[in-house]
>>> print(open('coords_11.txt').read())   # compact mmCIF, C-alpha atoms
# COMPACT_ATOMS: atom_id res chain seq x y z
CA MET E 288 -116.01 97.24 152.23
CA ASN E 289 -113.80 99.62 150.30
CA HIS E 290 -116.37 102.09 148.96
CA ALA E 291 -114.23 102.75 145.86
CA THR E 292 -115.00 99.23 144.60
CA GLU E 293 -118.16 97.35 143.75
CA VAL E 294 -118.58 93.60 143.14
CA VAL E 295 -119.98 92.94 139.64
CA LEU E 296 -121.26 89.69 138.12
CA THR E 297 -119.82 89.03 134.62
CA GLU E 298 -121.36 87.09 131.75
CA ASP E 299 -119.56 83.79 132.44
CA GLY E 300 -120.95 83.67 135.99
CA SER E 301 -117.73 84.82 137.68
CA PHE E 302 -117.29 88.13 139.48
CA THR E 303 -115.04 91.12 139.04
CA LEU E 304 -114.66 94.49 140.72
CA LEU E 305 -115.60 97.92 139.45
CA ASN E 306 -113.27 100.69 140.54
CA ARG E 307 -115.78 103.50 140.95
CA THR E 308 -113.10 106.17 141.15
CA LEU E 309 -111.59 105.21 137.79
CA GLY E 310 -114.81 103.94 136.23
CA GLU E 311 -113.08 100.74 135.11
CA HIS E 312 -113.59 97.03 135.80
CA TYR E 313 -110.71 94.80 136.90
CA HIS E 314 -111.70 92.16 134.31
CA SER E 315 -113.91 91.89 131.26
CA ILE E 316 -117.63 92.12 131.98
CA HIS E 317 -118.04 89.49 129.24
CA GLY E 318 -116.40 86.98 131.58
CA ALA E 319 -113.74 87.56 134.22
CA VAL E 320 -112.43 84.00 134.39
CA GLN E 321 -112.79 83.48 130.63
CA GLU E 322 -110.60 86.52 130.00
CA SER E 323 -107.94 85.53 132.52
CA ARG E 324 -107.73 81.98 131.22
CA HIS E 325 -107.56 83.10 127.59
CA VAL E 326 -105.08 85.98 127.88
CA PHE E 327 -102.82 84.96 130.72
CA LEU E 328 -103.11 81.18 131.12
CA GLU E 329 -103.42 79.96 127.55
CA ALA E 330 -101.50 82.65 125.63
CA GLY E 331 -98.99 83.17 128.44
CA TYR E 332 -98.37 80.44 130.99
CA ARG E 333 -99.19 77.33 128.97
CA TYR E 334 -97.34 78.77 125.98
CA ILE E 335 -94.18 79.56 127.95
CA CYS E 336 -94.21 76.12 129.62
CA ASN E 337 -93.25 74.77 126.19
CA LYS E 338 -90.12 76.97 126.22
CA PHE E 339 -88.96 76.91 129.87
CA ARG E 340 -89.29 74.33 132.64
CA ASP E 341 -88.76 76.84 135.44
CA ILE E 342 -91.11 79.78 135.13
CA SER E 343 -90.62 83.15 136.80
CA ILE E 344 -93.63 85.46 136.47
CA LEU E 345 -94.02 89.18 137.05
CA GLU E 346 -97.61 90.39 137.16
CA VAL E 347 -98.27 94.10 136.73
CA GLY E 348 -101.68 94.64 138.30
CA PHE E 349 -102.29 91.78 140.76
CA GLY E 350 -105.74 93.19 141.53
CA THR E 351 -108.14 90.50 142.73
CA GLY E 352 -105.48 87.78 142.43
CA LEU E 353 -107.45 85.82 139.83
CA ASN E 354 -104.49 85.43 137.45
CA ALA E 355 -102.27 84.21 140.28
CA LEU E 356 -104.90 81.75 141.49
CA LEU E 357 -105.42 80.28 138.01
CA THR E 358 -101.64 80.06 137.50
CA LEU E 359 -101.19 78.26 140.81
CA ALA E 360 -103.80 75.67 139.80
CA ALA E 361 -102.18 75.26 136.37
CA SER E 362 -98.71 74.86 137.88
CA VAL E 363 -99.89 72.10 140.20
CA ASP E 364 -101.54 70.35 137.28
CA ALA E 365 -98.46 70.70 135.03
CA GLY E 366 -95.85 70.08 137.72
CA VAL E 367 -93.87 73.13 136.58
CA ASN E 368 -91.68 75.04 139.05
CA THR E 369 -93.12 78.56 139.23
CA ARG E 370 -92.12 81.74 141.05
CA TYR E 371 -94.80 84.42 141.05
CA TYR E 372 -94.15 88.08 141.83
CA GLY E 373 -97.14 90.42 141.81
CA LEU E 374 -97.18 94.20 141.86
CA GLU E 375 -100.25 95.91 143.30
CA PRO E 376 -99.92 99.29 145.05
CA PHE E 377 -103.64 99.46 145.93
CA PRO E 378 -104.85 95.93 146.77
CA PRO E 379 -108.58 95.47 147.41
CA ASP E 380 -109.57 94.66 150.97
CA TRP E 381 -109.75 90.95 151.78
CA SER E 382 -113.37 91.47 152.87
CA VAL E 383 -114.12 92.48 149.27
CA ILE E 384 -112.17 89.58 147.76
CA GLU E 385 -114.06 87.10 149.96
CA LYS E 386 -117.32 88.22 148.36
CA ILE E 387 -115.96 87.30 144.91
CA ASN E 388 -115.08 83.79 146.12
CA TYR E 389 -113.26 82.48 143.02
CA CYS E 390 -112.45 79.26 144.85
CA ASN E 391 -116.07 78.15 144.44
CA LEU E 392 -115.42 77.78 140.71
CA GLY E 393 -114.72 74.42 139.10
CA GLY E 394 -111.13 73.31 139.44
CA LEU E 395 -110.28 75.90 142.10
CA GLU E 396 -112.06 74.42 145.11
CA GLY E 397 -108.86 73.11 146.67
CA PHE E 398 -107.05 76.45 146.68
CA THR E 399 -109.06 78.48 149.20
CA ASP E 400 -106.28 78.56 151.80
CA ASP E 401 -103.65 79.41 149.18
CA PHE E 402 -105.76 82.29 147.86
CA ARG E 403 -106.21 83.72 151.34
CA LYS E 404 -102.47 83.47 151.98
CA MET E 405 -101.77 85.39 148.76
CA HIS E 406 -103.93 88.28 149.86
CA GLN E 407 -102.76 88.28 153.46
CA ALA E 408 -99.05 87.83 152.72
CA VAL E 409 -96.60 90.27 154.27
CA PRO E 410 -95.67 92.67 151.42
CA GLY E 411 -92.32 91.80 149.90
CA GLU E 412 -92.06 88.43 151.68
CA GLU E 413 -91.78 85.32 149.48
CA ILE E 414 -93.89 82.40 150.65
CA LEU E 415 -94.07 78.81 149.45
CA LEU E 416 -97.68 77.92 148.68
CA ARG E 417 -97.00 74.52 147.11
CA GLU E 418 -93.83 72.50 146.62
CA ASN E 419 -93.41 73.94 143.12
CA PHE E 420 -95.01 77.38 143.56
CA SER E 421 -93.67 80.39 145.47
CA PHE E 422 -95.40 83.74 145.72
CA CYS E 423 -94.53 87.32 146.62
CA LEU E 424 -96.72 90.41 146.53
CA SER E 425 -95.27 93.91 146.46
CA ARG E 426 -97.29 97.04 147.07
CA SER E 427 -94.85 99.10 145.01
CA ARG E 428 -95.77 100.90 141.83
CA LEU E 429 -93.97 99.69 138.71
CA GLU E 430 -92.94 103.29 138.04
CA ASP E 431 -90.97 103.23 141.32
CA THR E 432 -89.67 99.66 141.09
CA TYR E 433 -86.65 98.05 139.43
CA PRO E 434 -87.74 94.43 138.92
CA GLY E 435 -84.18 93.14 138.32
CA TRP E 436 -82.13 92.22 135.27
CA GLY E 437 -83.16 89.13 133.29
CA LYS E 438 -85.18 87.83 136.20
CA TYR E 439 -88.48 86.91 134.52
CA ASN E 440 -89.49 84.84 131.52
CA LEU E 441 -93.18 85.70 131.66
CA VAL E 442 -94.91 89.02 132.30
CA TYR E 443 -98.64 89.36 132.85
CA PHE E 444 -99.32 92.97 131.92
CA ASP E 445 -102.77 93.47 133.45
CA ALA E 446 -102.67 97.16 134.28
CA PHE E 447 -105.70 99.40 133.93
CA SER E 448 -106.24 100.62 130.37
CA PRO E 449 -104.07 103.24 128.62
CA GLU E 450 -106.94 105.70 128.92
CA THR E 451 -107.23 105.20 132.68
CA ALA E 452 -103.55 104.71 133.62
CA PRO E 453 -101.52 106.21 130.73
CA GLY E 454 -98.30 106.34 132.74
CA LEU E 455 -98.10 102.53 132.82
CA TRP E 456 -98.12 102.28 129.03
CA GLU E 457 -95.21 104.60 128.28
CA PRO E 458 -92.00 103.45 126.50
CA GLU E 459 -89.87 103.72 129.64
CA ILE E 460 -92.15 101.20 131.38
CA PHE E 461 -91.76 98.61 128.63
CA ARG E 462 -88.00 99.23 128.45
CA LYS E 463 -87.84 98.49 132.16
CA LEU E 464 -89.86 95.32 131.67
CA ARG E 465 -87.69 94.18 128.76
CA ARG E 466 -84.54 94.59 130.86
CA SER E 467 -86.16 92.50 133.59
CA MET E 468 -86.82 89.59 131.21
CA ASP E 469 -84.89 86.68 129.75
CA GLN E 470 -84.40 86.75 126.01
CA GLY E 471 -87.21 84.67 124.55
CA GLY E 472 -89.51 85.40 127.46
CA VAL E 473 -93.00 86.66 126.72
CA LEU E 474 -95.29 89.44 127.83
CA VAL E 475 -99.04 89.06 127.40
CA THR E 476 -101.70 91.74 127.67
CA TYR E 477 -105.38 92.09 126.88
CA CYS E 478 -104.68 95.39 125.10
CA ALA E 479 -104.04 95.24 121.34
CA LYS E 480 -104.04 98.96 120.51
CA GLY E 481 -101.69 99.91 117.69
CA ARG E 482 -99.85 102.43 119.86
CA VAL E 483 -99.14 99.78 122.48
CA ARG E 484 -97.94 97.30 119.85
CA ARG E 485 -95.59 99.89 118.32
CA THR E 486 -94.24 100.83 121.74
CA LEU E 487 -93.45 97.20 122.48
CA GLN E 488 -91.68 96.84 119.14
CA ASP E 489 -89.64 99.98 119.85
CA THR E 490 -88.53 98.75 123.28
CA GLY E 491 -87.08 95.32 122.51
CA PHE E 492 -90.02 93.05 121.70
CA SER E 493 -91.44 91.33 118.66
CA THR E 494 -95.22 91.23 118.76
CA GLU E 495 -98.07 89.11 117.51
CA ARG E 496 -101.78 89.78 117.56
CA LEU E 497 -103.81 86.84 118.82
CA PRO E 498 -107.58 86.33 118.93
CA GLY E 499 -108.98 88.03 122.00
CA PRO E 500 -111.28 86.66 124.68
CA PRO E 501 -115.07 87.10 124.38
CA GLY E 502 -115.84 90.78 123.88
CA LYS E 503 -112.44 91.65 122.34
CA TRP E 504 -111.21 91.07 118.80
CA GLU E 505 -107.52 90.78 119.67
CA MET E 506 -104.86 90.64 122.38
CA LEU E 507 -101.07 90.95 122.23
CA ARG E 508 -98.23 88.57 122.95
CA ALA E 509 -94.74 90.07 122.83
CA THR E 510 -91.45 88.14 122.83
CA ALA E 511 -88.29 89.64 124.34
CA GLN E 512 -85.59 90.05 121.70
CA GLU E 513 -81.83 90.32 122.13
CA LEU E 514 -80.75 93.63 123.68
>>> encode(input="coords_11.txt", output="structure tokens")
Amino acid sequence: MNHATEVVLTEDGSFTLLNRTLGEHYHSIHGAVQESRHVFLEAGYRYICNKFRDISILEVGFGTGLNALLTLAASVDAGVNTRYYGLEPFPPDWSVIEKINYCNLGGLEGFTDDFRKMHQAVPGEEILLRENFSFCLSRSRLEDTYPGWGKYNLVYFDAFSPETAPGLWEPEIFRKLRRSMDQGGVLVTYCAKGRVRRTLQDTGFSTERLPGPPGKWEMLRATAQEL
């Protein structure tokens, strides 16, 4: 096991990881799956499915792969063509991820092989997991990556907090993300701090505060405006 991480049970019965070095959990201790479903699936993926029929997702902070797994299951259920590109420079060891075992949860039992393939994929190589779902995982840092112009219509911004990873919450990062997105695309994040909201507004997004998952008052959804 990677000694920098520890498996932690959260309040909804699902597991997350604690990064001991940073002193921060990968998901909410009030419920890992609850948080991912609320912030990324409901406010992000299901919302954007009403605007686009072909979805291209960039995830900043792939981490345990929970958001990708839930999105894969949702895409199969909805029949929506989805391309998923995750960024994670420091992926947890597969031996650690196996202990979390998200595929034992209701509705995810049929995705064990897909989840393993996500974590064991050759970095930078796009693979087809289902007829309507392709996946690619990069071990690059967002700071060192140019995601492409107008390539994505949904961004899952699931980086560690501004206190822990301040460099990922700077204006130049959100400018880069805006350039990588279609007009009308959305970015969702668990963080609703006023500074983050103002930075998004200053870098080409309109923002809305939404009710947060258990344990958080609010979250943010930002819509890419015309450049």
>>> closest_residue(input="coords_11.txt", among="E:His312, E:His317, E:Arg403, E:Arg465", to="Asp299 of chain E", atoms="all atoms listed in the file")
E:His317
>>> closest_residue(input="coords_11.txt", among="E:Glu412, E:Glu513, E:Asp364, E:Glu418", to="Gly394 of chain E", atoms="only C-alpha atoms")
E:Asp364
>>> atom_distance(input="coords_11.txt", atom1="atom CA of Phe447 of chain E", atom2="atom CA of Glu430 of chain E")
14.0 Å
>>> residues_around(input="coords_11.txt", residues="segment 377-390 of chain E", least_positions_apart="3", cutoff="10 Å", atoms="all atoms listed in the file", output="ChimeraX atom specification")
/E:288-296,301-304,306,320,348-353,356-357,374,393-403,406-407,424-428
>>> atom_distance(input="coords_11.txt", atom1="atom CA of Asn419 of chain E", atom2="atom CA of Met468 of chain E")
20.7 Å
>>> residues_around(input="coords_11.txt", residues="segment 491-493 of chain E", least_positions_apart="5", cutoff="6 Å", atoms="all atoms listed in the file", output="PDB file with C-alpha atoms, in the frame of the given file")
ATOM      1  CA  ALA E 509     -94.740  90.070 122.830  1.00  0.00           C
ATOM      2  CA  THR E 510     -91.450  88.140 122.830  1.00  0.00           C
ATOM      3  CA  ALA E 511     -88.290  89.640 124.340  1.00  0.00           C
ATOM      4  CA  GLN E 512     -85.590  90.050 121.700  1.00  0.00           C
TER       5      GLN E 512
END
>>> atom_distance(input="coords_11.txt", atom1="atom CA of Val442 of chain E", atom2="atom CA of Lys503 of chain E")
20.3 Å
>>> closest_residue(input="coords_11.txt", among="E:Ala319, E:Leu359, E:Tyr443, E:Glu329", to="Leu497 of chain E", atoms="only C-alpha atoms")
E:Glu329
>>> closest_residue(input="coords_11.txt", among="E:Arg482, E:Arg508, E:Arg466, E:Arg417", to="Ala330 of chain E", atoms="only C-alpha atoms")
E:Arg508
>>> residues_around(input="coords_11.txt", residues="Asp489 of chain E", least_positions_apart="4", cutoff="10 Å", atoms="only C-alpha atoms", output="PDB file with C-alpha atoms, in the coordinates of the input")
ATOM      1  CA  PRO E 458     -92.000 103.450 126.500  1.00  0.00           C
ATOM      2  CA  PHE E 461     -91.760  98.610 128.630  1.00  0.00           C
ATOM      3  CA  ARG E 462     -88.000  99.230 128.450  1.00  0.00           C
ATOM      4  CA  VAL E 483     -99.140  99.780 122.480  1.00  0.00           C
ATOM      5  CA  ARG E 484     -97.940  97.300 119.850  1.00  0.00           C
ATOM      6  CA  ARG E 485     -95.590  99.890 118.320  1.00  0.00           C
ATOM      7  CA  SER E 493     -91.440  91.330 118.660  1.00  0.00           C
TER       8      SER E 493
END
>>> residues_around(input="coords_11.txt", residues="Tyr439 of chain E", least_positions_apart="4", cutoff="12 Å", atoms="all atoms listed in the file", output="mmCIF file with C-alpha atoms, keeping the file's coordinate frame")
data_model
loop_
_atom_site.group_PDB
_atom_site.id
_atom_site.type_symbol
_atom_site.label_atom_id
_atom_site.label_comp_id
_atom_site.auth_asym_id
_atom_site.auth_seq_id
_atom_site.Cartn_x
_atom_site.Cartn_y
_atom_site.Cartn_z
ATOM 1 C CA ILE E 335 -94.180 79.560 127.950
ATOM 2 C CA PHE E 339 -88.960 76.910 129.870
ATOM 3 C CA ASP E 341 -88.760 76.840 135.440
ATOM 4 C CA ILE E 342 -91.110 79.780 135.130
ATOM 5 C CA SER E 343 -90.620 83.150 136.800
ATOM 6 C CA ILE E 344 -93.630 85.460 136.470
ATOM 7 C CA LEU E 345 -94.020 89.180 137.050
ATOM 8 C CA GLU E 346 -97.610 90.390 137.160
ATOM 9 C CA THR E 369 -93.120 78.560 139.230
ATOM 10 C CA ARG E 370 -92.120 81.740 141.050
ATOM 11 C CA TYR E 371 -94.800 84.420 141.050
ATOM 12 C CA TYR E 372 -94.150 88.080 141.830
ATOM 13 C CA GLY E 373 -97.140 90.420 141.810
ATOM 14 C CA PRO E 434 -87.740 94.430 138.920
ATOM 15 C CA GLY E 435 -84.180 93.140 138.320
ATOM 16 C CA TYR E 443 -98.640 89.360 132.850
ATOM 17 C CA LYS E 463 -87.840 98.490 132.160
ATOM 18 C CA LEU E 464 -89.860 95.320 131.670
ATOM 19 C CA ARG E 465 -87.690 94.180 128.760
ATOM 20 C CA ARG E 466 -84.540 94.590 130.860
ATOM 21 C CA SER E 467 -86.160 92.500 133.590
ATOM 22 C CA MET E 468 -86.820 89.590 131.210
ATOM 23 C CA ASP E 469 -84.890 86.680 129.750
ATOM 24 C CA GLN E 470 -84.400 86.750 126.010
ATOM 25 C CA GLY E 471 -87.210 84.670 124.550
ATOM 26 C CA GLY E 472 -89.510 85.400 127.460
ATOM 27 C CA VAL E 473 -93.000 86.660 126.720
ATOM 28 C CA LEU E 474 -95.290 89.440 127.830
ATOM 29 C CA ALA E 511 -88.290 89.640 124.340
#
>>> closest_residue(input="coords_11.txt", among="E:Gly300, E:Pro449, E:Gly366, E:Pro376", to="Gly481 of chain E", atoms="only C-alpha atoms")
E:Pro449
>>> closest_residue(input="coords_11.txt", among="E:Asn440, E:Thr358, E:Asp431, E:Gly411", to="Lys338 of chain E", atoms="all atoms listed in the file")
E:Asn440
>>> axis_aligned_box(input="coords_11.txt", around="segment 403-415 of chain E", padding_each_side="4 Å", output="AutoDock Vina command-line options")
--center_x -99.0 --center_y 85.7 --center_z 151.5 --size_x 22.4 --size_y 21.9 --size_z 13.5
>>> residues_around(input="coords_11.txt", residues="Gly502 of chain E", least_positions_apart="6", cutoff="9 Å", atoms="all atoms listed in the file", output="PyMOL selection string")
chain E and resi 315-318
>>> build_atoms(input="coords_11.txt", residues="segment 351-362 of chain E", atoms="N, CA and C atoms", output="short mmCIF file (atom, residue, chain, number, x, y, z; two decimals), in the frame of the given file")
data_model
loop_
_atom_site.label_atom_id
_atom_site.label_comp_id
_atom_site.auth_asym_id
_atom_site.auth_seq_id
_atom_site.Cartn_x
_atom_site.Cartn_y
_atom_site.Cartn_z
N THR E 351 -107.38 91.47 141.93
CA THR E 351 -108.14 90.50 142.73
C THR E 351 -107.36 89.22 142.99
N GLY E 352 -106.26 89.01 142.27
CA GLY E 352 -105.48 87.78 142.43
C GLY E 352 -105.95 86.63 141.55
N LEU E 353 -106.91 86.91 140.66
CA LEU E 353 -107.45 85.82 139.83
C LEU E 353 -106.37 85.19 138.95
N ASN E 354 -105.53 86.00 138.32
CA ASN E 354 -104.49 85.43 137.45
C ASN E 354 -103.53 84.55 138.25
N ALA E 355 -103.18 84.99 139.43
CA ALA E 355 -102.27 84.21 140.28
C ALA E 355 -102.91 82.90 140.71
N LEU E 356 -104.19 82.96 141.07
CA LEU E 356 -104.90 81.75 141.49
C LEU E 356 -104.97 80.73 140.35
N LEU E 357 -105.33 81.18 139.16
CA LEU E 357 -105.42 80.28 138.01
C LEU E 357 -104.04 79.71 137.66
N THR E 358 -103.00 80.53 137.80
CA THR E 358 -101.64 80.06 137.50
C THR E 358 -101.19 79.03 138.52
N LEU E 359 -101.52 79.24 139.78
CA LEU E 359 -101.19 78.26 140.81
C LEU E 359 -101.83 76.91 140.48
N ALA E 360 -103.11 76.93 140.14
CA ALA E 360 -103.80 75.67 139.80
C ALA E 360 -103.17 75.01 138.58
N ALA E 361 -102.80 75.81 137.58
CA ALA E 361 -102.18 75.26 136.37
C ALA E 361 -100.80 74.70 136.66
N SER E 362 -100.06 75.34 137.55
CA SER E 362 -98.71 74.86 137.88
C SER E 362 -98.76 73.53 138.61
#
